[in-house]
Structure formats: C-alpha cells, structure tokens
Amino acid sequence: MLKTNLIKKVRKLPKHMREAQISTERTHLISDPAKKPRQRYVQKDGKCNVHHGNVQETYRYLSDLFTTLVDLRWRLSLFIFTLVYIVNWLFFGFLWWLIALIRGDLVHADEEGWTPCVENLNSFVSAFLFSIETETTIGYGYRVITEKCPEGIILLLVQAILGSIVNAMMVGCMFVKISQPKNRAETLMFSHNAVISVRDNKLCLMFRVGDLRNSHIVEASIRAKLIRSQQTKEGEFIPLNQTDINIGFDTGDDRLFLVSPLIISHEINERSPFWEMTLMQMEKEEFEIVVILEGMVEATGMTCQARSSYLDTEVLWGYRFTPVLSLEKGFYEVDYNNFHDIYETNTPSCSARELAAKLRDGPLLPQLSLLSPDPKTHSTFDRLSDRDPLSPDEDKEERNSGGGETNGSAAALEDPPLADGLPD
C-alpha cells in the first residue's frame with residue numbers, strides 16, 4: 001500500500017520532477033539540460049514548414065482559380081484535368097441527345113424523307129461521340145449537322161466557344177505547371193553549415209552557394225533573414241520575428257555572377273544582430289538564418305527562387321570554407337567534393353564589438369584567443385597549411401629574413417650583387 005501511494009504521488013508531480021535524481025555523498029550531480037532540437041521555419045530543401053489552419057474565407061481560393069489549379073499536386077491536377085473534359089463532353093452530349101429527342105429524330109431517324117438535326121445520331125452514346133468530335137474538331141464525317149436545325153447550329157456555336165475557353169484554361173494550367181522553375185532550384189546548392197571567422201580584421205558570418213548547371217541564373221541576387229523570437233521592452237512577445245541580415249545590399253555585393261561557387265559574407269558591424277554576441281552567447285541562443293537566392297532562368301526567362309536555412313547549431317564559430325576552385329590548363333575547375341568542407345582557423349571568441357575595441361587599442365594578432373592549439377582540418381583532403389592565414393605581418397617578416405627555402409631563393413634572384421671590377 002505504501003509503495004502504491006508513493007507511485008500515485010510521483011505521478012501527480014510535473015513530468016520534469018518525476019525523473020530520478022543521481023546523488024553522491026556530498027552533493028547532487030546536476031547536468032546542464034541538453035539543447036532541445038528546434039523546429040525549422042524553413043527546411044534545408046527550401047520548403048516552408050508552415051501550415052495554414054482554420055481558414056474561414058475559403059472562397060478566396062476560388063476567386064483566383066487559375067493559381068489554385070496551378071498550386072495543386074500533380075495527381076489532383078491530372079484528375080481535375082480529365083474530369084473537366086469528360087464532364088464537358090457529357091454535358092453537351094446530353095444537350096445533343098435532348099434536341100434529337102424533342103425533334104423526334106430518335107423515332108423517325110430511319111424514315112425516308114425525314115431530315116434529322118444530326119445525321120446518324122440515334123442514341124445517347126452517338127450523341128456523346130458527336131460532342132467529342134465537335135469539341136476536338138476530329139470530324140470523322142459520319143455524323144454531321146444539317147442546315148434545317150437552327151437550335152443545333154446555336155448549340156454548335158456555344159460548344160465551340162466554351163470548348164475553346166476550357167482548352168485554353170486547362171492547357172494553360174498544365175503548361176504553367178510543367179514549366180515552373182521549381183526543379184531548377186534543385187541544382188542550386190547551399191553549404192550545409194554557415195561559419196564565423198575573421199576577414200580583414202572583422203568578424204564575418206559566411207556561407208557558400210553554387211550552381212551545378214552550365215546555363216546560368218541571370219540577375220541573381222541573394223538576401224538573408226534572421227528568424228528569432230523577441231520580447232519588446234513593453235513586454236510584448238513576437239514569435240519568429242524577422243530581421244534583415246545585410247549581405248551587401250548597400251554595396252551591391254548581393255547581386256551575384258554565379259558562374260562558380262561563391263562565399264557570401266555578412267560583416268558583423270554595429271547594424272548586425274550579432275554585434276554583441278560572443279561565442280558563449282551564440283551557443284545559448286536559439287535562432288534560424290533563412291537565405292533566399294533569386295534570379296531568372298536563362299533558358300526560359302522565368303523567375304526562380306531557392307531557399308535554405310541554418311539553425312543556431314549549424315553556425316560554426318572559428319571555421320572557414322575549403323577552396324574549391326583551381327586553375328587547370330586553359331580553364332578553371334570546380335571540385336564539388338570540397339563544397340561543404342570547412343577547416344578550423346584562429347578566431348577570437350569575443351564579440352565583434354569587443355574585437356573592434358581591441359583593434360583601436362592595438363594590433364589584432366597578439367590578442368587572438370585560439371579555440372584550439374592545433375587547428376584541425378574538416379575536409380576530405382588534408383592539404384591545408386598549419387600557418388595562420390590571418391598573419392600577413394609574419395609572412396612579410398619571413399620574406400625579409402629569408403626564413404623559407406622558396407622565399408630565400410626568390411629574394412636572392414631579385415637583387416643580384418654587382419661583381420667587383422666591372423665598369424660603372
């Protein structure tokens with residue numbers, strides 16, 4: 001009984017209080033709760049993870065019927081396409097059969113001297129076949145309308161006009177649906193991760209984009225949004241607030257010539273939402289970066305849009321992208337095996353604001369806080385140098401001192417000394 005009562009009391013507790021505590025002799029071992037997986041706002045393949053529910057004014061979809069038909073799934077579009085034509089043929093076939101029935105053609109069709117409205121129309125099936133032949137302009141020549149049937153001539157005009165409208169709408173919907181440039185976005189690539197490292201003494205958020213096709217995206221442009229819940233000073237909670245991330249809008253760097261993969265860079269400055277965010281703060285933040293690449297397909301001229309996103313766990317601090325472009329004999333070659341590869345680099349763990357303050361006080365390199373004493377390469381090929389790529393001053397000193405074999409021999413070839421005894 002005591003055990004049963006204890007179990008009931010435990011069940012009444014909240015879920016997070018029911019878990020057993022691991023204790024030691026002196027204290028309780030309390031581990032930091034793991035970061036829960038967040039729900040994406042935009043999937044990696046570009047699909048928006050938003051569903052519209054409780055829509056009351058559904059008539060608005062019918063007011064834009066053409067777009068509604070284009071947005072339907074393929075199986076439903078094909079079903080509606082077939083159903084519209086069959087219903088249209090059946091409707092006009094019924095009207096042709098009704099005219100023949102009222103005029104008495106179905107009864108007196110075999111009598112000599114009787115002129116029917118439509119020759120050889122003696123049943124509903126034949127009326128249905130005549131409706132198909134009329135609307136599709138097949139014209140087999142067996143069933144024809146006569147000149148002594150004014151109601152049939154009027155019906156023929158109506159069916160020809162309405163049939164043209166149905167053809168234009170249905171064929172137009174199928175053509176637009178087939179030629180939609182959604183599949184063109186499948187050959188536009190985004191890197192799996194975004195990285196943060198130093199460029200020109202400034203912290204930058206970077207990601208890579210590429211195009212697998214030889215036909216290029218015309219007038220390509222890119223933009224980025226920061227999706228993060230926010231609470232105002234007045235206490236208002238704004239879920240999934242959208243903030244612009246400047247990736248070159250003011251300088252024109254957001255307009256791309258996407259012939260080879262490009263690294264898109266966002267400089268973390270005073271106007272950046274990451275201005276005061278350190279490495280430790282970023283590990284605790286919950287946000288999502290949505291990137292949108294737009295342009296016109298060169299072959300069709302239609303606008304194409306590709307989307308992707310990066311969660312906070314997919315933004316890596318202290319990394320750079322592995323180069324993918326190499327110079328071959330007569331052309332440049334892109335190695336897409338290294339497209340998603342990154343390598344670790346020396347990056348300060350402070351915020352961009354603190355880094356800017358340190359730069360005003362002195363040089364950057366003596367104040368760099370290394371994330372790891374031995375930077376590791378996250379690439380398929382281990383060909384990266386162990387030297388810090390952010391040390392142009394050290395390179396200059398090494399060249400002046402002749403420290404390296406290559407640099408020393410090159411320096412010796414640049415200024416050869418004059419031999420003694422040569423004339424001035």
# chains A, B, ... in the order shown; residues from 1 in each chain; ligands from 1

$ residues_around --residues "stretch 215-229 of chain A" --least-positions-apart "2" --cutoff "7 Å" --atoms "only C-alpha atoms" --output "ChimeraX atom specification"
/A:213,238-245,247,254-259,286-298

$ write_last_selection --atoms "C-alpha atoms" --output "compact mmCIF listing (two decimals), in the first residue's frame"
# COMPACT_ATOMS: atom_id res chain seq x y z
CA ARG A 213 24.33 23.83 -64.36
CA ILE A 238 6.89 38.47 -31.01
CA PRO A 239 7.29 34.86 -32.15
CA LEU A 240 9.57 34.22 -35.13
CA ASN A 241 10.46 37.86 -35.64
CA GLN A 242 12.22 38.51 -38.96
CA THR A 243 15.30 40.74 -39.08
CA ASP A 244 17.26 41.65 -42.20
CA ILE A 245 20.88 40.50 -42.42
CA ILE A 247 24.96 40.72 -47.11
CA ASP A 254 24.16 40.88 -53.03
CA ARG A 255 23.95 40.77 -56.86
CA LEU A 256 25.83 37.68 -57.91
CA PHE A 257 27.57 36.43 -61.04
CA LEU A 258 27.06 32.79 -60.15
CA VAL A 259 29.41 31.04 -62.57
CA GLU A 286 18.07 29.99 -30.45
CA PHE A 287 17.71 31.40 -33.94
CA GLU A 288 17.48 30.45 -37.60
CA ILE A 289 19.06 32.14 -40.61
CA VAL A 290 17.00 31.88 -43.82
CA VAL A 291 18.85 32.55 -47.08
CA ILE A 292 16.99 33.23 -50.33
CA LEU A 293 18.60 33.13 -53.78
CA GLU A 294 16.57 34.60 -56.66
CA GLY A 295 17.15 35.04 -60.36
CA MET A 296 15.85 34.35 -63.84
CA VAL A 297 16.39 31.04 -65.61
CA GLU A 298 18.49 31.69 -68.69

$ atom_distance --atom1 "atom CA of A:Met189" --atom2 "atom CA of A:Gly210"
5.0 Å

$ select_by_dssp --residues "stretch 223-302 of chain A" --states "helix (DSSP H, G or I)" --output "JSON, numbers by chain"
{"A": [279, 280, 281, 282, 283, 284]}

$ write_last_selection --atoms "C-alpha atoms" --output "short mmCIF file (atom, residue, chain, number, x, y, z; two decimals), in the first residue's frame"
data_model
loop_
_atom_site.label_atom_id
_atom_site.label_comp_id
_atom_site.auth_asym_id
_atom_site.auth_seq_id
_atom_site.Cartn_x
_atom_site.Cartn_y
_atom_site.Cartn_z
CA LEU A 279 30.92 32.51 -28.76
CA MET A 280 29.40 31.53 -25.41
CA GLN A 281 26.27 33.57 -26.04
CA MET A 282 25.79 32.08 -29.50
CA GLU A 283 25.85 28.58 -28.05
CA LYS A 284 22.91 29.54 -25.82
#

$ atom_distance --atom1 "atom CA of A:Val334" --atom2 "atom CA of A:Arg320"
17.4 Å

$ residues_around --residues "A:Phe339" --least-positions-apart "3" --cutoff "7 Å" --atoms "only C-alpha atoms" --output "ChimeraX atom specification"
/A:191,324,336

$ closest_residue --among "A:Leu76, A:Met277, A:Val176, A:Ala356" --to "A:Thr300" --atoms "only C-alpha atoms"
A:Val176

$ atom_distance --atom1 "atom CA of A:Ala185" --atom2 "atom CA of A:Arg307"
8.3 Å

$ closest_residue --among "A:Pro348, A:Gly152, A:Gly53, A:Gly172" --to "A:Lys202" --atoms "only C-alpha atoms"
A:Pro348

$ residues_around --residues "stretch 157-161 of chain A" --least-positions-apart "5" --cutoff "12 Å" --atoms "only C-alpha atoms" --output "list in words"
Asn88, Trp89, Leu90, Phe91, Phe92, Gly93, Leu95, Trp96, Phe130, Ser131, Ile132, Glu133, Thr134, Glu135, Thr136, Thr137, Pro150, Glu151, Gly152, Val166, Asn167 and Ala168 of chain A

$ closest_residue --among "A:Gly318, A:Cys204, A:Met170, A:Lys148" --to "A:Phe81" --atoms "only C-alpha atoms"
A:Met170

$ select_by_dssp --residues "stretch 132-373 of chain A" --states "strand (DSSP E)" --output "VMD selection string"
chain A and resid 188 to 190 194 to 199 202 to 211 217 to 231 237 to 245 255 to 256 262 to 267 288 to 297 303 to 311 315 to 317 319 to 321 325 to 327 332 to 334 342 to 344

$ residues_around --residues "A:Pro181" --least-positions-apart "2" --cutoff "8 Å" --atoms "only C-alpha atoms" --output "NGL selection string"
:A and (179 or 183-185 or 297 or 302-304)

$ write_last_selection --atoms "all heavy atoms" --output "mmCIF file, in the first residue's frame"
data_model
loop_
_atom_site.group_PDB
_atom_site.id
_atom_site.type_symbol
_atom_site.label_atom_id
_atom_site.label_comp_id
_atom_site.auth_asym_id
_atom_site.auth_seq_id
_atom_site.Cartn_x
_atom_site.Cartn_y
_atom_site.Cartn_z
ATOM 1 N N SER A 179 6.197 24.044 -66.726
ATOM 2 C CA SER A 179 7.332 24.955 -66.919
ATOM 3 C C SER A 179 7.722 25.718 -65.665
ATOM 4 O O SER A 179 8.561 26.612 -65.745
ATOM 5 C CB SER A 179 6.991 25.960 -68.030
ATOM 6 O OG SER A 179 5.853 26.732 -67.681
ATOM 7 N N ASN A 183 12.024 22.989 -60.186
ATOM 8 C CA ASN A 183 13.070 21.980 -60.323
ATOM 9 C C ASN A 183 14.428 22.599 -60.628
ATOM 10 O O ASN A 183 15.459 21.962 -60.390
ATOM 11 C CB ASN A 183 12.702 20.987 -61.423
ATOM 12 C CG ASN A 183 11.478 20.162 -61.067
ATOM 13 O OD1 ASN A 183 11.202 19.923 -59.896
ATOM 14 N ND2 ASN A 183 10.726 19.734 -62.073
ATOM 15 N N ARG A 184 14.427 23.826 -61.170
ATOM 16 C CA ARG A 184 15.715 24.497 -61.420
ATOM 17 C C ARG A 184 16.436 24.776 -60.114
ATOM 18 O O ARG A 184 17.678 24.789 -60.064
ATOM 19 C CB ARG A 184 15.465 25.812 -62.181
ATOM 20 C CG ARG A 184 16.720 26.609 -62.492
ATOM 21 C CD ARG A 184 17.645 25.840 -63.408
ATOM 22 N NE ARG A 184 18.814 26.602 -63.794
ATOM 23 C CZ ARG A 184 19.950 26.627 -63.091
ATOM 24 N NH1 ARG A 184 20.055 25.907 -61.983
ATOM 25 N NH2 ARG A 184 20.981 27.337 -63.516
ATOM 26 N N ALA A 185 15.680 24.975 -59.042
ATOM 27 C CA ALA A 185 16.304 25.235 -57.744
ATOM 28 C C ALA A 185 17.020 24.003 -57.188
ATOM 29 O O ALA A 185 17.832 24.130 -56.262
ATOM 30 C CB ALA A 185 15.249 25.724 -56.755
ATOM 31 N N VAL A 297 15.818 32.174 -64.894
ATOM 32 C CA VAL A 297 16.393 31.036 -65.609
ATOM 33 C C VAL A 297 16.761 31.478 -67.016
ATOM 34 O O VAL A 297 15.957 32.072 -67.737
ATOM 35 C CB VAL A 297 15.386 29.870 -65.647
ATOM 36 C CG1 VAL A 297 15.991 28.670 -66.369
ATOM 37 C CG2 VAL A 297 14.963 29.487 -64.242
ATOM 38 N N MET A 302 12.008 32.692 -66.760
ATOM 39 C CA MET A 302 11.118 32.706 -65.610
ATOM 40 C C MET A 302 11.921 32.871 -64.328
ATOM 41 O O MET A 302 13.085 32.451 -64.237
ATOM 42 C CB MET A 302 10.293 31.404 -65.552
ATOM 43 C CG MET A 302 9.458 31.164 -66.794
ATOM 44 S SD MET A 302 8.414 29.702 -66.672
ATOM 45 C CE MET A 302 7.227 30.248 -65.449
ATOM 46 N N THR A 303 11.287 33.490 -63.341
ATOM 47 C CA THR A 303 11.959 33.758 -62.073
ATOM 48 C C THR A 303 12.050 32.481 -61.255
ATOM 49 O O THR A 303 11.076 31.745 -61.102
ATOM 50 C CB THR A 303 11.208 34.834 -61.284
ATOM 51 O OG1 THR A 303 11.106 36.011 -62.073
ATOM 52 C CG2 THR A 303 11.936 35.157 -59.994
ATOM 53 N N CYS A 304 13.243 32.229 -60.727
ATOM 54 C CA CYS A 304 13.497 31.040 -59.910
ATOM 55 C C CYS A 304 13.941 31.489 -58.523
ATOM 56 O O CYS A 304 14.666 32.481 -58.377
ATOM 57 C CB CYS A 304 14.564 30.165 -60.564
ATOM 58 S SG CYS A 304 15.147 28.804 -59.535
#

$ residues_around --residues "stretch 40-43 of chain A" --least-positions-apart "6" --cutoff "7 Å" --atoms "only C-alpha atoms" --output "PyMOL selection string"
chain A and resi 49+290+308-309
